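Asker: Have a look at this one before I ask anything.
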Amino acid sequence: MTNGVRAKLEAVSLSYRYGGEERAPVLDSVSLSCAAGGFLAVLGPNGSGKTTLLRLLSGWLKPGRNTIFLDGRDLLSYNRPEVARRLATVAQNAQPEAAFTVEEIVLMGRAPHLAFLEREGSADRARVDEALALTDTVHLRRRDVTALSGGELRRVMLAQALAQDAGLLLLDEPTAHLDLSHQHDILALLKKMQREKGLTVVAALHDLNSAARYADHVILLDRGRIAAEGAPAEVITRETVKRVYGADVLVIPHPATGAPIVIEE
Ligand code: ADP
């Protein structure tokens with residue numbers, strides 16, 4: 001899966017405020033670059049701006065002109081299907097309202113590849129089957145999406161994004177509502193797709209240990225600004241966690257991988 005095209009995403013002095021000029025910015029001059037084929041984790045305490053950043057990067061919220069570049073071009077210069085063929089999004093609280101089956105929801109991920117009123121073909125169906133298998137949701141395919149558990153729904157929405165076959169995947173807290181084993185499965189799947197298929201992954205994560213284990217690069221937001229960025233071991237330190245989260249923690253290297261592990265004191 002993924003069409004083999006590596007996608008690159010950058011933000012340059014990106015600021016955003018909900019409402020008029022009198023409101024304080026929720027994001028303030030954020031610049032970042034997600035290398036094509038990289039795994040970038042966006043970290044930060046509640047309210048630091050992670051969801052807003054992802055909504056801007058996905059085009060769901062409208063950024064200023066020339067502040068976000070997808071494959072080197074201003075995000076605003078693309079039309080919707082052009083964006084959707086390059087970039088797929090898994091929102092934090094996606095809640096399909098209508099009673100579609102899981103299979104129908106995942107098939108909707110193919111829409112950007114179909115012409116107006118064109119019916120899906122066997123290649124599209126094969127993509128859907130593959131996405132269901134990767135996310136361990138094959139057994140749910142005939143179920144009504146409104147009757148799934150939170151964790152099942154998250155895996156189905158990930159399947160839809162994978163079926164979209166974009167080179168870049170943006171995920172807002174992809175492991176929220178998942179039990180431990182599915183948390184690991186989803187992050188390990190994203191890592192595998194990044195390594196083997198060249199998928200570029202940008203994920204907001206609240207768990208520092210997951211970020212340390214799976215991401216190659218992390219940015220840490222604090223009240224809308226980048227407080228630290230770099231390799232996980234550079235960013236996830238006792239001092240930085242104290243400064244940004246106000247929490248006293250121990251940070252020790254993982255015995256096997258060397259990645260930092262955060263332990264509450
Ligand atoms: P995070 O994902 O890190 O928790 P958010 O991006 O959701 O952070 O929120 C950043 C700030 O923006 C918070 O202060 C939040 O209250 C505010 N905010 C988020 N969404 C809206 C909105 N739709 N209208 C006004 N303020 C918002």
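Each chain in the structure tokens gets a letter, A, B, ..., in the order shown, and its residues are numbered from 1; ligands are numbered from 1 in order too.
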Could you list, as a VMD selection string, every residue within 7 Å of stretch 52-60 of chain A, counting only C-alpha atoms and ignoring same-chain residues fewer than 2 positions away?

Answerer: chain A and resid 49 to 50 62 to 63 68 89 170 172

Asker: What do you get as a VMD selection string if you pick all residues at most 9 Å from ligand 1, counting only C-alpha atoms and all ligand atoms?

Answerer: chain A and resid 17 to 19 25 to 27 42 to 55 172 to 173 204 206 221 to 224

Asker: Using only C-alpha atoms, determine which residues lie at most 12 Å from A:Arg80, disregarding the query and same-chain residues fewer than 2 positions distant; provide the list as a list in words.

Answerer: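 Surrounding residues, per the criterion: Ser58, Gly59, Trp60, Leu75, Leu76, Ser77, Tyr78, Glu82, Val83, Ala84, Arg85, Arg86, Leu87, Ala88, Ala111, Pro112 and His113 of chain A.
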
Asker: Save the residues we just selected, N, CA, C and O atoms, as a PDB file, in the first residue's frame?

Answerer:
ATOM      1  N   SER A  58      -3.359  19.280   7.611  1.00  0.00           N
ATOM      2  CA  SER A  58      -4.221  18.466   6.742  1.00  0.00           C
ATOM      3  C   SER A  58      -5.096  19.332   5.842  1.00  0.00           C
ATOM      4  O   SER A  58      -5.785  18.813   4.968  1.00  0.00           O
ATOM      5  N   GLY A  59      -5.101  20.644   6.072  1.00  0.00           N
ATOM      6  CA  GLY A  59      -5.940  21.539   5.279  1.00  0.00           C
ATOM      7  C   GLY A  59      -7.360  21.633   5.810  1.00  0.00           C
ATOM      8  O   GLY A  59      -8.201  22.310   5.237  1.00  0.00           O
ATOM      9  N   TRP A  60      -7.644  20.973   6.927  1.00  0.00           N
ATOM     10  CA  TRP A  60      -8.981  21.000   7.513  1.00  0.00           C
ATOM     11  C   TRP A  60      -9.279  22.387   8.083  1.00  0.00           C
ATOM     12  O   TRP A  60     -10.382  22.890   7.976  1.00  0.00           O
ATOM     13  N   LEU A  75       0.239  24.424   0.222  1.00  0.00           N
ATOM     14  CA  LEU A  75      -0.919  23.534   0.404  1.00  0.00           C
ATOM     15  C   LEU A  75      -2.192  24.148  -0.195  1.00  0.00           C
ATOM     16  O   LEU A  75      -3.048  23.445  -0.727  1.00  0.00           O
ATOM     17  N   LEU A  76      -2.289  25.476  -0.115  1.00  0.00           N
ATOM     18  CA  LEU A  76      -3.501  26.149  -0.598  1.00  0.00           C
ATOM     19  C   LEU A  76      -3.623  26.111  -2.124  1.00  0.00           C
ATOM     20  O   LEU A  76      -4.675  26.415  -2.672  1.00  0.00           O
ATOM     21  N   SER A  77      -2.540  25.746  -2.815  1.00  0.00           N
ATOM     22  CA  SER A  77      -2.604  25.735  -4.287  1.00  0.00           C
ATOM     23  C   SER A  77      -3.155  24.411  -4.830  1.00  0.00           C
ATOM     24  O   SER A  77      -3.366  24.268  -6.031  1.00  0.00           O
ATOM     25  N   TYR A  78      -3.398  23.435  -3.941  1.00  0.00           N
ATOM     26  CA  TYR A  78      -3.952  22.143  -4.382  1.00  0.00           C
ATOM     27  C   TYR A  78      -5.476  22.169  -4.261  1.00  0.00           C
ATOM     28  O   TYR A  78      -6.001  22.816  -3.351  1.00  0.00           O
ATOM     29  N   GLU A  82      -6.610  16.485  -5.036  1.00  0.00           N
ATOM     30  CA  GLU A  82      -5.139  16.462  -5.167  1.00  0.00           C
ATOM     31  C   GLU A  82      -4.484  16.289  -3.797  1.00  0.00           C
ATOM     32  O   GLU A  82      -3.518  15.543  -3.642  1.00  0.00           O
ATOM     33  N   VAL A  83      -5.023  16.993  -2.804  1.00  0.00           N
ATOM     34  CA  VAL A  83      -4.490  16.836  -1.439  1.00  0.00           C
ATOM     35  C   VAL A  83      -4.747  15.414  -0.964  1.00  0.00           C
ATOM     36  O   VAL A  83      -3.857  14.743  -0.436  1.00  0.00           O
ATOM     37  N   ALA A  84      -5.972  14.915  -1.198  1.00  0.00           N
ATOM     38  CA  ALA A  84      -6.366  13.602  -0.657  1.00  0.00           C
ATOM     39  C   ALA A  84      -5.587  12.444  -1.297  1.00  0.00           C
ATOM     40  O   ALA A  84      -5.467  11.384  -0.689  1.00  0.00           O
ATOM     41  N   ARG A  85      -5.069  12.655  -2.491  1.00  0.00           N
ATOM     42  CA  ARG A  85      -4.244  11.588  -3.087  1.00  0.00           C
ATOM     43  C   ARG A  85      -2.843  11.572  -2.478  1.00  0.00           C
ATOM     44  O   ARG A  85      -2.117  10.600  -2.604  1.00  0.00           O
ATOM     45  N   ARG A  86      -2.455  12.677  -1.854  1.00  0.00           N
ATOM     46  CA  ARG A  86      -1.109  12.763  -1.272  1.00  0.00           C
ATOM     47  C   ARG A  86      -1.108  12.573   0.237  1.00  0.00           C
ATOM     48  O   ARG A  86      -0.120  12.150   0.824  1.00  0.00           O
ATOM     49  N   LEU A  87      -2.215  12.950   0.867  1.00  0.00           N
ATOM     50  CA  LEU A  87      -2.216  13.066   2.324  1.00  0.00           C
ATOM     51  C   LEU A  87      -3.531  12.517   2.881  1.00  0.00           C
ATOM     52  O   LEU A  87      -4.598  12.916   2.435  1.00  0.00           O
ATOM     53  N   ALA A  88      -3.437  11.578   3.795  1.00  0.00           N
ATOM     54  CA  ALA A  88      -4.636  11.024   4.434  1.00  0.00           C
ATOM     55  C   ALA A  88      -4.593  11.385   5.915  1.00  0.00           C
ATOM     56  O   ALA A  88      -3.517  11.456   6.511  1.00  0.00           O
ATOM     57  N   ALA A 111     -12.258   7.257  -2.750  1.00  0.00           N
ATOM     58  CA  ALA A 111     -12.946   8.313  -3.511  1.00  0.00           C
ATOM     59  C   ALA A 111     -11.993   9.254  -4.272  1.00  0.00           C
ATOM     60  O   ALA A 111     -12.255   9.576  -5.438  1.00  0.00           O
ATOM     61  N   PRO A 112     -10.866   9.680  -3.666  1.00  0.00           N
ATOM     62  CA  PRO A 112     -10.014  10.618  -4.399  1.00  0.00           C
ATOM     63  C   PRO A 112      -9.409  10.021  -5.679  1.00  0.00           C
ATOM     64  O   PRO A 112      -8.891  10.754  -6.520  1.00  0.00           O
ATOM     65  N   HIS A 113      -9.479   8.694  -5.788  1.00  0.00           N
ATOM     66  CA  HIS A 113      -8.888   8.039  -6.970  1.00  0.00           C
ATOM     67  C   HIS A 113      -9.925   7.775  -8.053  1.00  0.00           C
ATOM     68  O   HIS A 113      -9.598   7.267  -9.125  1.00  0.00           O
TER      69      HIS A 113
END

Asker: If we count only C-alpha atoms, what is near A:Asp179 at a cut-off of 12 Å, once residues fewer than 3 positions away on the same chain are taken out, given as a ChimeraX atom specification?

Answerer: /A:149-152,154-155,174-176,182-186

Asker: Go ahead and write the residues just picked, N, CA, C and O atoms, as a compact mmCIF listing (two decimals), in the first residue's frame.

Answerer:
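Saved the output as again.txt:
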# COMPACT_ATOMS: atom_id res chain seq x y z
N SER A 149 -17.01 -0.31 19.03
CA SER A 149 -16.38 0.28 20.21
C SER A 149 -15.44 1.40 19.73
O SER A 149 -15.07 1.45 18.55
N GLY A 150 -15.02 2.25 20.67
CA GLY A 150 -14.11 3.34 20.33
C GLY A 150 -12.83 2.84 19.65
O GLY A 150 -12.36 3.39 18.66
N GLY A 151 -12.29 1.76 20.20
CA GLY A 151 -11.04 1.21 19.66
C GLY A 151 -11.23 0.60 18.28
O GLY A 151 -10.39 0.76 17.39
N GLU A 152 -12.35 -0.10 18.09
CA GLU A 152 -12.63 -0.69 16.77
C GLU A 152 -12.80 0.42 15.72
O GLU A 152 -12.28 0.32 14.61
N ARG A 154 -11.50 3.38 15.71
CA ARG A 154 -10.21 3.99 15.38
C ARG A 154 -9.47 3.14 14.36
O ARG A 154 -8.83 3.65 13.45
N ARG A 155 -9.53 1.83 14.52
CA ARG A 155 -8.84 0.96 13.57
C ARG A 155 -9.50 1.01 12.20
O ARG A 155 -8.83 0.99 11.17
N PRO A 174 -3.48 8.53 17.48
CA PRO A 174 -4.01 7.31 16.87
C PRO A 174 -4.22 6.17 17.85
O PRO A 174 -4.92 5.21 17.53
N THR A 175 -3.66 6.27 19.04
CA THR A 175 -3.81 5.16 19.98
C THR A 175 -4.80 5.44 21.10
O THR A 175 -4.99 4.61 21.99
N ALA A 176 -5.47 6.62 21.04
CA ALA A 176 -6.49 6.90 22.06
C ALA A 176 -7.59 5.85 21.95
O ALA A 176 -7.92 5.41 20.85
N HIS A 182 -3.55 -3.39 21.04
CA HIS A 182 -3.84 -2.69 19.79
C HIS A 182 -3.04 -1.40 19.66
O HIS A 182 -2.69 -0.99 18.56
N GLN A 183 -2.73 -0.76 20.78
CA GLN A 183 -1.84 0.43 20.72
C GLN A 183 -0.53 0.05 20.07
O GLN A 183 -0.05 0.70 19.15
N HIS A 184 0.03 -1.02 20.57
CA HIS A 184 1.30 -1.48 20.02
C HIS A 184 1.14 -1.88 18.56
O HIS A 184 1.96 -1.52 17.72
N ASP A 185 0.07 -2.61 18.25
CA ASP A 185 -0.13 -3.08 16.88
C ASP A 185 -0.22 -1.91 15.90
O ASP A 185 0.36 -1.96 14.81
N ILE A 186 -0.96 -0.86 16.29
CA ILE A 186 -1.14 0.27 15.37
C ILE A 186 0.18 1.00 15.15
O ILE A 186 0.56 1.30 14.01

Asker: Select from stretch 32-229 of chain A everything DSSP, run on the backbone, classes as strand (DSSP E), then give the selection as a PyMOL selection string.

Answerer: chain A and resi 32-34+39-43+68-70+73-74+87-90+168-172+200-204+217-222+225-229

Asker: Find the residue from A:Thr237, A:Val202, A:Leu9, A:Leu117 that sits nearest to A:Val90; use only C-alpha atoms when measuring.

Answerer: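 Of the candidates, the smallest distance to A:Val90 is held by A:Val202.
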
Asker: Could you give me, as a PyMOL selection string, the residues within 10 Å of A:Leu153, counting only C-alpha atoms and dropping anything in the same chain fewer than 2 positions from it?

Answerer: chain A and resi 93-96+102+137+140+145-151+155-159+177-178

Asker: Since we have the selection now, will you write its residues out, keeping all heavy atoms, as a compact mmCIF listing (two decimals), in the first residue's frame?

Answerer:
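Listed below is the output, part_14.txt:
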# COMPACT_ATOMS: atom_id res chain seq x y z
N ASN A 93 -11.47 12.35 16.79
CA ASN A 93 -12.81 11.89 17.20
C ASN A 93 -13.73 11.69 16.01
O ASN A 93 -14.87 12.10 16.06
CB ASN A 93 -13.43 12.90 18.17
CG ASN A 93 -12.72 12.87 19.50
OD1 ASN A 93 -12.41 11.79 20.02
ND2 ASN A 93 -12.43 14.03 20.03
N ALA A 94 -13.21 11.09 14.96
CA ALA A 94 -14.05 10.86 13.78
C ALA A 94 -15.23 9.99 14.20
O ALA A 94 -15.05 8.94 14.82
CB ALA A 94 -13.24 10.17 12.70
N GLN A 95 -16.41 10.44 13.90
CA GLN A 95 -17.61 9.69 14.32
C GLN A 95 -18.59 9.68 13.15
O GLN A 95 -19.37 10.60 12.99
CB GLN A 95 -18.23 10.40 15.54
CG GLN A 95 -19.38 9.66 16.18
CD GLN A 95 -18.95 8.32 16.78
OE1 GLN A 95 -18.07 8.26 17.61
NE2 GLN A 95 -19.53 7.23 16.32
N PRO A 96 -18.53 8.65 12.32
CA PRO A 96 -19.47 8.61 11.19
C PRO A 96 -20.90 8.63 11.71
O PRO A 96 -21.22 7.92 12.66
CB PRO A 96 -19.17 7.27 10.50
CG PRO A 96 -17.90 6.80 11.08
CD PRO A 96 -17.73 7.45 12.41
N VAL A 102 -18.68 -1.09 7.84
CA VAL A 102 -17.24 -0.86 7.92
C VAL A 102 -16.63 -0.90 6.51
O VAL A 102 -15.83 -0.03 6.13
CB VAL A 102 -16.61 -1.93 8.83
CG1 VAL A 102 -15.10 -2.01 8.66
CG2 VAL A 102 -16.98 -1.66 10.29
N THR A 137 -9.29 -5.68 11.08
CA THR A 137 -10.73 -5.34 11.11
C THR A 137 -11.53 -6.16 10.09
O THR A 137 -12.70 -5.85 9.85
CB THR A 137 -10.95 -3.83 10.84
OG1 THR A 137 -10.24 -3.47 9.64
CG2 THR A 137 -10.47 -2.98 11.98
N LEU A 140 -14.86 -7.30 11.05
CA LEU A 140 -15.88 -6.27 11.30
C LEU A 140 -16.52 -5.76 10.01
O LEU A 140 -17.40 -4.90 10.04
CB LEU A 140 -15.23 -5.07 12.02
CG LEU A 140 -14.57 -5.34 13.36
CD1 LEU A 140 -13.85 -4.07 13.84
CD2 LEU A 140 -15.61 -5.77 14.39
N VAL A 145 -20.97 0.87 11.28
CA VAL A 145 -19.92 1.65 11.98
C VAL A 145 -20.42 2.36 13.22
O VAL A 145 -19.62 2.71 14.09
CB VAL A 145 -19.26 2.75 11.11
CG1 VAL A 145 -18.17 2.21 10.28
CG2 VAL A 145 -20.25 3.56 10.37
N THR A 146 -21.72 2.61 13.29
CA THR A 146 -22.22 3.32 14.47
C THR A 146 -22.31 2.38 15.68
O THR A 146 -22.60 2.81 16.79
CB THR A 146 -23.60 3.96 14.22
OG1 THR A 146 -24.49 2.92 13.81
CG2 THR A 146 -23.54 5.02 13.15
N ALA A 147 -22.06 1.09 15.44
CA ALA A 147 -22.18 0.11 16.54
C ALA A 147 -20.83 -0.51 16.89
O ALA A 147 -20.75 -1.68 17.28
CB ALA A 147 -23.18 -0.97 16.15
N LEU A 148 -19.75 0.29 16.74
CA LEU A 148 -18.42 -0.23 17.07
C LEU A 148 -17.94 0.37 18.39
O LEU A 148 -18.38 1.46 18.78
CB LEU A 148 -17.41 0.16 15.98
CG LEU A 148 -17.67 -0.35 14.57
CD1 LEU A 148 -16.60 0.22 13.63
CD2 LEU A 148 -17.66 -1.87 14.52
N SER A 149 -17.01 -0.31 19.03
CA SER A 149 -16.38 0.28 20.21
C SER A 149 -15.44 1.40 19.73
O SER A 149 -15.07 1.45 18.55
CB SER A 149 -15.59 -0.77 20.97
OG SER A 149 -14.40 -1.07 20.27
N GLY A 150 -15.02 2.25 20.67
CA GLY A 150 -14.11 3.34 20.33
C GLY A 150 -12.83 2.84 19.65
O GLY A 150 -12.36 3.39 18.66
N GLY A 151 -12.29 1.76 20.20
CA GLY A 151 -11.04 1.21 19.66
C GLY A 151 -11.23 0.60 18.28
O GLY A 151 -10.39 0.76 17.39
N ARG A 155 -9.53 1.83 14.52
CA ARG A 155 -8.84 0.96 13.57
C ARG A 155 -9.50 1.01 12.20
O ARG A 155 -8.83 0.99 11.17
CB ARG A 155 -8.78 -0.47 14.12
CG ARG A 155 -7.59 -0.62 15.07
CD ARG A 155 -7.80 -1.66 16.15
NE ARG A 155 -8.30 -2.91 15.66
CZ ARG A 155 -9.20 -3.67 16.29
NH1 ARG A 155 -9.71 -3.27 17.44
NH2 ARG A 155 -9.57 -4.81 15.78
N VAL A 156 -10.82 1.15 12.19
CA VAL A 156 -11.55 1.26 10.91
C VAL A 156 -11.19 2.59 10.22
O VAL A 156 -10.96 2.62 9.00
CB VAL A 156 -13.07 1.15 11.14
CG1 VAL A 156 -13.84 1.54 9.89
CG2 VAL A 156 -13.42 -0.27 11.57
N MET A 157 -11.11 3.67 10.98
CA MET A 157 -10.77 4.96 10.37
C MET A 157 -9.32 4.94 9.86
O MET A 157 -9.00 5.56 8.85
CB MET A 157 -10.98 6.12 11.35
CG MET A 157 -12.43 6.29 11.83
SD MET A 157 -13.70 6.07 10.55
CE MET A 157 -13.49 7.53 9.56
N LEU A 158 -8.46 4.20 10.54
CA LEU A 158 -7.09 4.04 10.03
C LEU A 158 -7.12 3.23 8.74
O LEU A 158 -6.40 3.54 7.78
CB LEU A 158 -6.20 3.37 11.09
CG LEU A 158 -4.78 3.07 10.62
CD1 LEU A 158 -4.03 4.34 10.22
CD2 LEU A 158 -4.00 2.34 11.72
N ALA A 159 -7.96 2.19 8.70
CA ALA A 159 -8.08 1.39 7.47
C ALA A 159 -8.53 2.27 6.31
O ALA A 159 -8.01 2.16 5.19
CB ALA A 159 -9.08 0.25 7.69
N HIS A 177 -8.13 5.43 23.03
CA HIS A 177 -9.21 4.42 23.13
C HIS A 177 -8.75 3.00 22.81
O HIS A 177 -9.57 2.10 22.76
CB HIS A 177 -10.39 4.71 22.19
CG HIS A 177 -10.96 6.08 22.32
ND1 HIS A 177 -11.50 6.53 23.49
CD2 HIS A 177 -11.06 7.09 21.44
CE1 HIS A 177 -11.91 7.78 23.32
NE2 HIS A 177 -11.65 8.14 22.09
N LEU A 178 -7.47 2.80 22.53
CA LEU A 178 -7.05 1.44 22.18
C LEU A 178 -6.50 0.73 23.40
O LEU A 178 -5.84 1.36 24.24
CB LEU A 178 -5.98 1.46 21.09
CG LEU A 178 -6.41 2.00 19.73
CD1 LEU A 178 -5.25 1.92 18.75
CD2 LEU A 178 -7.59 1.21 19.20

Asker: In Å, how far is it from atom CA of A:Ile252 to atom CA of A:Leu190?

Answerer: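 Distance reported for this atom pair: 24.8 Å.
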
Asker: Give me, please, the distance in Å between atom CA of A:Arg110 and atom CA of A:Leu132, quoted to one decimal.

Answerer: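 Those two atoms sit 13.3 Å apart.
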
Asker: Hey, can you check how far atom CA of A:Val235 sits from atom CA of A:Ile219?

Answerer: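 Answer for the atom CA of A:Val235 to atom CA of A:Ile219 separation: 7.8 Å.
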
Asker: Run DSSP on the backbone and give me the residues of stretch 4-212 of chain A it puts in helix (DSSP H, G or I), as a ChimeraX atom specification.

Answerer: /A:50-57,75-77,80-86,102-113,122-134,138-140,145-147,150-163,180-197,208-212

Asker: Could you give me, as a list in words, the residues within 7 Å of A:Val201, counting only C-alpha atoms and dropping anything in the same chain fewer than 3 positions from it?

Answerer: Gly38, Phe39, Leu40, Leu168, Leu169, Leu170 and Gln194 of chain A

Asker: Pick from A:Arg213, A:Leu180, A:Arg6, A:Glu229: nearest to A:Ala256, with only C-alpha atoms counted?

Answerer: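 Among the listed residues, A:Arg213 lies closest to A:Ala256.
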